[in-house]
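Structure first, commentary second.
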Amino acid sequence: MKLPIITSIGLAVLAGVSLVTPASATMIITTTSTDSFGAGGNAFTMDFVDIGNPGNTNDDTGYGGVANAFRMSSYEVSTAMVSKANTAGSLGITYTSRTAGMPATSVSWNEAARFVNWLNASSGSVAAYKFTTSGVNDNIALWASGDAGYNAANPFRNSNAKYFLPSENEWYKAAYYSGTGGIYYNYPTGSDSAPTAVANGTTSGTVVYDGQSGPADITSAGGLSPYGTMGQGGNAWEWMETNYSGTNDSSGSSRGLRGGSWSHSDGVYGPASSNRDYIDPSGEGFNIGFRVASSELAVVPEPTSLLSTLALISSGLLLRRRCKVSL
């Protein structure tokens with residue numbers, strides 16, 4: 001089930017639509033939504049933000065161009081989410097033991113893919129990844145031309161799946177691209193200047209990196225990207241669906257990593273757009289986590305009603321509860 005929400009701090013109010021001002025001071029409109037999974041004691045929710053502006057071109061690094069609109073999870077996947085999915089789906093995913101709100105790390109690509117497949121199964125969608133064995137850390141098989149949902153451009157992912165791990169281009173766009181300006185920033189805080197290192201918090205222009213003692217809770221992992229995601233810089237490295245070469249033609253090939261972690265500086269392993277790394281899909285790391293993307297967008301308000309609401313906000317008539325304005 002997907003419910004429109006306002007996920008941020010401040011002054012308030014319009015269902016599913018948020019105003020975001022990253023460190024660059026460029027105000028954009030984001031549409032957010034919340035999806036529900038599991039039941040009873042194993043129920044949890046996951047917040048998403050729409051990544052629009054389809055058909056954008058690549059950055060000069062060669063990444064970021066995405067033909068279609070999609071959703072990206074606002075936050076990294078938490079230990080609580082994996083724990084509840086493990087119980088509900090008997091997944092057997094292993095991860096570093098931390099508090100419930102911290103990112104789930106020491107999760108291999110194969111385990112993250114099985115988590116995503118469970119999200120699809122529990123939502124009535126098809127599996128994103130083709131596992132032919134029961135071992136939780138076994139490699140996938142490639143989708144073949146006879147399979148429903150086969151996409152020759154990406155045989156890793158079933159094109160009919162609702163949830164999946166973000167491709168490197170999808171992840172890169174959500175982190176570094178500004179839809180309003182049609183430009184890329186060097187950092188996932190809407191800025192070309194290195195972010196301020198913090199241990200936690202939500203202040204614009206901050207990232208949990210550069211020698212911190214550990215990760216922050218996923219909802220307190222630094223400032224937002226122009227689209228409104230948190231923690232794409234620092235906190236934990238994040239898996240790319242895409243293999244490191246970008247070809248997705250070998251099920252056992254190394255997968256890309258982006259974003260850096262709480263301990264890494266802005267050198268080779270920091271949050272800058274130029275930095276990437278890789279590891280085998282069965283590999284794990286105490287500082288490697290992941291987030292989820294989705295093909296289904298939130299319901300966007302009609303243009304007329306949206307403009308009317310924005311006019312009310314600017315006139316000060318809707319100053320109640322909270323809104324997503326970060327200064």
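Ligands are numbered from 1 in the order shown, chains are lettered A, B, ... in the order of the structure tokens, and residues start at 1 in each chain.
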When DSSP is applied to the backbone of this structure, which of stretch 40-250 of chain A are assigned strand (DSSP E)? Write them out as a PyMOL selection string.
chain A and resi 44-51+70-73+163-164+177-178+183-184+196-197+206-207+237-243
Keeping only C-alpha atoms, take the residues you just selected and write them out as a short mmCIF file (atom, residue, chain, number, x, y, z; two decimals), in the first residue's frame.
```cif
data_model
loop_
_atom_site.label_atom_id
_atom_site.label_comp_id
_atom_site.auth_asym_id
_atom_site.auth_seq_id
_atom_site.Cartn_x
_atom_site.Cartn_y
_atom_site.Cartn_z
CA PHE A 44 7.29 -1.77 8.34
CA THR A 45 7.16 1.16 5.93
CA MET A 46 9.59 2.57 3.41
CA ASP A 47 9.60 6.20 2.23
CA PHE A 48 10.23 7.05 -1.43
CA VAL A 49 10.78 10.23 -3.42
CA ASP A 50 9.96 10.62 -7.10
CA ILE A 51 12.94 11.08 -9.43
CA PHE A 70 11.21 6.31 -11.10
CA ARG A 71 11.22 6.40 -7.30
CA MET A 72 14.19 6.15 -4.96
CA SER A 73 13.92 5.25 -1.28
CA TYR A 163 11.03 -2.85 -6.64
CA PHE A 164 14.71 -3.30 -7.47
CA TYR A 177 21.30 15.80 -10.37
CA SER A 178 19.11 18.88 -10.02
CA ILE A 183 22.76 20.32 -13.77
CA TYR A 184 24.86 17.90 -11.76
CA THR A 196 30.53 19.47 6.41
CA ALA A 197 31.34 16.23 8.26
CA THR A 206 26.22 17.91 5.92
CA VAL A 207 27.33 14.30 5.43
CA TRP A 237 28.46 2.52 1.03
CA GLU A 238 25.53 1.48 -1.14
CA TRP A 239 25.19 -1.32 -3.67
CA MET A 240 24.55 -0.57 -7.31
CA GLU A 241 22.50 -3.07 -9.27
CA THR A 242 24.94 -2.51 -12.14
CA ASN A 243 28.14 -4.48 -12.44
#
```
List every residue of stretch 126-160 of chain A that has an atom at most 8 Å from any atom of stretch 246-255 of chain A, giving for each one its closest atom pair and the distance in Å to one decimal, counting only C-alpha atoms, sorted by chain and then by ascending residue number, as a Markdown table.
```
| residue | atom | partner | partner_atom | distance |
| --- | --- | --- | --- | --- |
| A:Asn139 | CA | A:Gly252 | CA | 6.1 |
| A:Ile140 | CA | A:Ser251 | CA | 5.7 |
| A:Ala141 | CA | A:Ser251 | CA | 5.8 |
| A:Leu142 | CA | A:Ser251 | CA | 6.2 |
| A:Asn154 | CA | A:Asn248 | CA | 6.1 |
| A:Pro155 | CA | A:Asn248 | CA | 6.6 |
| A:Phe156 | CA | A:Asn248 | CA | 6.2 |
```
Export of the given selection (C-alpha atoms) as a PDB file, in the first residue's frame:
```
ATOM      1  CA  ASN A 139      24.478 -15.621  -7.415  1.00  0.00           C
ATOM      2  CA  ILE A 140      21.539 -14.800  -9.638  1.00  0.00           C
ATOM      3  CA  ALA A 141      21.005 -16.133 -13.155  1.00  0.00           C
ATOM      4  CA  LEU A 142      20.476 -13.776 -16.073  1.00  0.00           C
ATOM      5  CA  ASN A 154      19.700  -5.186 -18.551  1.00  0.00           C
ATOM      6  CA  PRO A 155      19.336  -8.968 -18.102  1.00  0.00           C
ATOM      7  CA  PHE A 156      19.964  -8.585 -14.354  1.00  0.00           C
TER       8      PHE A 156
END
```
Please list as a ChimeraX atom specification every residue within 12 Å of A:His264, counting only C-alpha atoms and excluding residues in the same chain fewer than 4 positions away.
/A:197,207-215,233-237,258-260,268-272,275,287
With C-alpha atoms retained, could you export that selection as a PDB file, in the first residue's frame?
```
ATOM      1  CA  ALA A 197      31.338  16.235   8.256  1.00  0.00           C
ATOM      2  CA  VAL A 207      27.328  14.305   5.427  1.00  0.00           C
ATOM      3  CA  VAL A 208      28.126  11.528   7.921  1.00  0.00           C
ATOM      4  CA  TYR A 209      31.740  10.846   6.867  1.00  0.00           C
ATOM      5  CA  ASP A 210      35.393  11.719   7.481  1.00  0.00           C
ATOM      6  CA  GLY A 211      36.279   9.666  10.538  1.00  0.00           C
ATOM      7  CA  GLN A 212      32.984   9.288  12.395  1.00  0.00           C
ATOM      8  CA  SER A 213      32.786   6.438  14.907  1.00  0.00           C
ATOM      9  CA  GLY A 214      29.866   4.710  13.216  1.00  0.00           C
ATOM     10  CA  PRO A 215      26.779   5.240  11.055  1.00  0.00           C
ATOM     11  CA  GLY A 233      26.833  10.550   0.693  1.00  0.00           C
ATOM     12  CA  GLY A 234      28.538   8.901   3.660  1.00  0.00           C
ATOM     13  CA  ASN A 235      26.861   6.829   6.372  1.00  0.00           C
ATOM     14  CA  ALA A 236      27.229   3.543   4.444  1.00  0.00           C
ATOM     15  CA  TRP A 237      28.464   2.519   1.032  1.00  0.00           C
ATOM     16  CA  ARG A 258      28.806   4.502  -4.361  1.00  0.00           C
ATOM     17  CA  GLY A 259      28.636   7.145  -1.646  1.00  0.00           C
ATOM     18  CA  GLY A 260      31.414   6.316   0.804  1.00  0.00           C
ATOM     19  CA  VAL A 268      39.272   8.078  -3.116  1.00  0.00           C
ATOM     20  CA  TYR A 269      36.431   6.744  -0.983  1.00  0.00           C
ATOM     21  CA  GLY A 270      34.380   9.834  -0.168  1.00  0.00           C
ATOM     22  CA  PRO A 271      30.939  11.071  -1.255  1.00  0.00           C
ATOM     23  CA  ALA A 272      32.064  12.967  -4.379  1.00  0.00           C
ATOM     24  CA  ASN A 275      34.255   8.217  -6.534  1.00  0.00           C
ATOM     25  CA  ASN A 287      30.233  -0.428   6.074  1.00  0.00           C
TER      26      ASN A 287
END
```
Neighbour list for stretch 81-97 of chain A as a compact mmCIF listing (two decimals) with N, CA and C atoms, in the first residue's frame, cut-off 9 Å, only C-alpha atoms, skip fewer than 5 positions in-chain:
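So around-v7.txt came out as:
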```txt
# COMPACT_ATOMS: atom_id res chain seq x y z
N PHE A 37 4.89 -2.80 4.07
CA PHE A 37 5.26 -4.19 3.84
C PHE A 37 5.04 -5.00 5.12
N GLY A 38 4.85 -6.30 4.97
CA GLY A 38 4.71 -7.17 6.12
C GLY A 38 3.38 -6.97 6.83
N ALA A 39 3.24 -7.65 7.95
CA ALA A 39 1.99 -7.59 8.72
C ALA A 39 2.30 -7.82 10.18
N GLY A 41 3.55 -7.84 13.78
CA GLY A 41 4.83 -7.43 14.36
C GLY A 41 5.93 -7.30 13.34
N ASN A 42 5.72 -7.80 12.14
CA ASN A 42 6.72 -7.71 11.08
C ASN A 42 6.40 -6.62 10.05
N ALA A 43 5.47 -5.75 10.37
CA ALA A 43 5.11 -4.67 9.45
C ALA A 43 6.14 -3.55 9.52
N PHE A 44 6.44 -2.95 8.37
CA PHE A 44 7.29 -1.77 8.34
C PHE A 44 6.95 -0.97 7.09
N THR A 45 7.41 0.28 7.06
CA THR A 45 7.16 1.16 5.93
C THR A 45 8.48 1.62 5.34
N MET A 46 8.41 2.05 4.10
CA MET A 46 9.59 2.57 3.41
C MET A 46 9.18 3.83 2.65
N ALA A 104 21.34 -1.26 7.52
CA ALA A 104 21.71 -2.67 7.51
C ALA A 104 22.99 -2.82 6.68
N THR A 105 24.07 -3.19 7.33
CA THR A 105 25.36 -3.36 6.65
C THR A 105 25.83 -4.81 6.79
N SER A 106 26.96 -5.12 6.14
CA SER A 106 27.42 -6.51 6.02
C SER A 106 26.36 -7.36 5.31
N VAL A 107 25.64 -6.73 4.39
CA VAL A 107 24.66 -7.40 3.55
C VAL A 107 25.25 -7.50 2.15
N SER A 108 25.36 -8.70 1.62
CA SER A 108 25.91 -8.86 0.28
C SER A 108 24.91 -8.38 -0.78
N GLU A 111 22.17 -10.93 -1.06
CA GLU A 111 21.20 -10.84 0.03
C GLU A 111 20.28 -9.64 -0.17
N ALA A 112 20.85 -8.51 -0.58
CA ALA A 112 20.02 -7.32 -0.85
C ALA A 112 19.01 -7.61 -1.96
N ARG A 114 17.70 -10.54 -2.66
CA ARG A 114 16.65 -11.39 -2.11
C ARG A 114 15.68 -10.57 -1.26
N PHE A 115 16.18 -9.58 -0.54
CA PHE A 115 15.31 -8.67 0.20
C PHE A 115 14.35 -7.96 -0.76
N TRP A 118 11.66 -10.17 -2.00
CA TRP A 118 10.59 -10.34 -0.99
C TRP A 118 9.66 -9.12 -0.99
N LEU A 119 10.20 -7.92 -1.14
CA LEU A 119 9.33 -6.74 -1.24
C LEU A 119 8.35 -6.91 -2.40
N SER A 122 5.70 -9.70 -1.57
CA SER A 122 4.72 -9.29 -0.57
C SER A 122 3.79 -8.20 -1.09
N VAL A 136 21.18 -18.34 0.34
CA VAL A 136 20.89 -16.91 0.46
C VAL A 136 21.95 -16.05 -0.20
N ASN A 137 23.18 -16.57 -0.30
CA ASN A 137 24.25 -15.78 -0.89
C ASN A 137 24.71 -16.33 -2.24
N GLU A 284 30.74 -9.06 1.45
CA GLU A 284 30.08 -8.24 2.46
C GLU A 284 31.08 -7.27 3.06
N PHE A 286 31.39 -4.39 6.58
CA PHE A 286 30.74 -3.82 7.76
C PHE A 286 30.20 -2.42 7.50
```
Write out as a PyMOL selection string the residues lying within 9 Å of A:Ala174, counting only C-alpha atoms and excluding same-chain residues fewer than 6 positions away.
chain A and resi 51+64+71-72+188+225-229+232
Write out as a ChimeraX atom specification the set of residues from stretch 164-306 of chain A that DSSP, computed on the backbone, places in alpha helix (DSSP H).
/A:168-176,303-306
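Distances from A:Asn68, A:Asn120, A:Thr79, A:Ser261 to A:Asp35 were compared using only C-alpha atoms, and the smallest one belongs to A:Asn120.
With only C-alpha atoms as the basis for measurement, A:Ser123 is the residue among A:Ser123, A:Leu297, A:Gly231, A:Gly289 that approaches A:Ser36 most closely.
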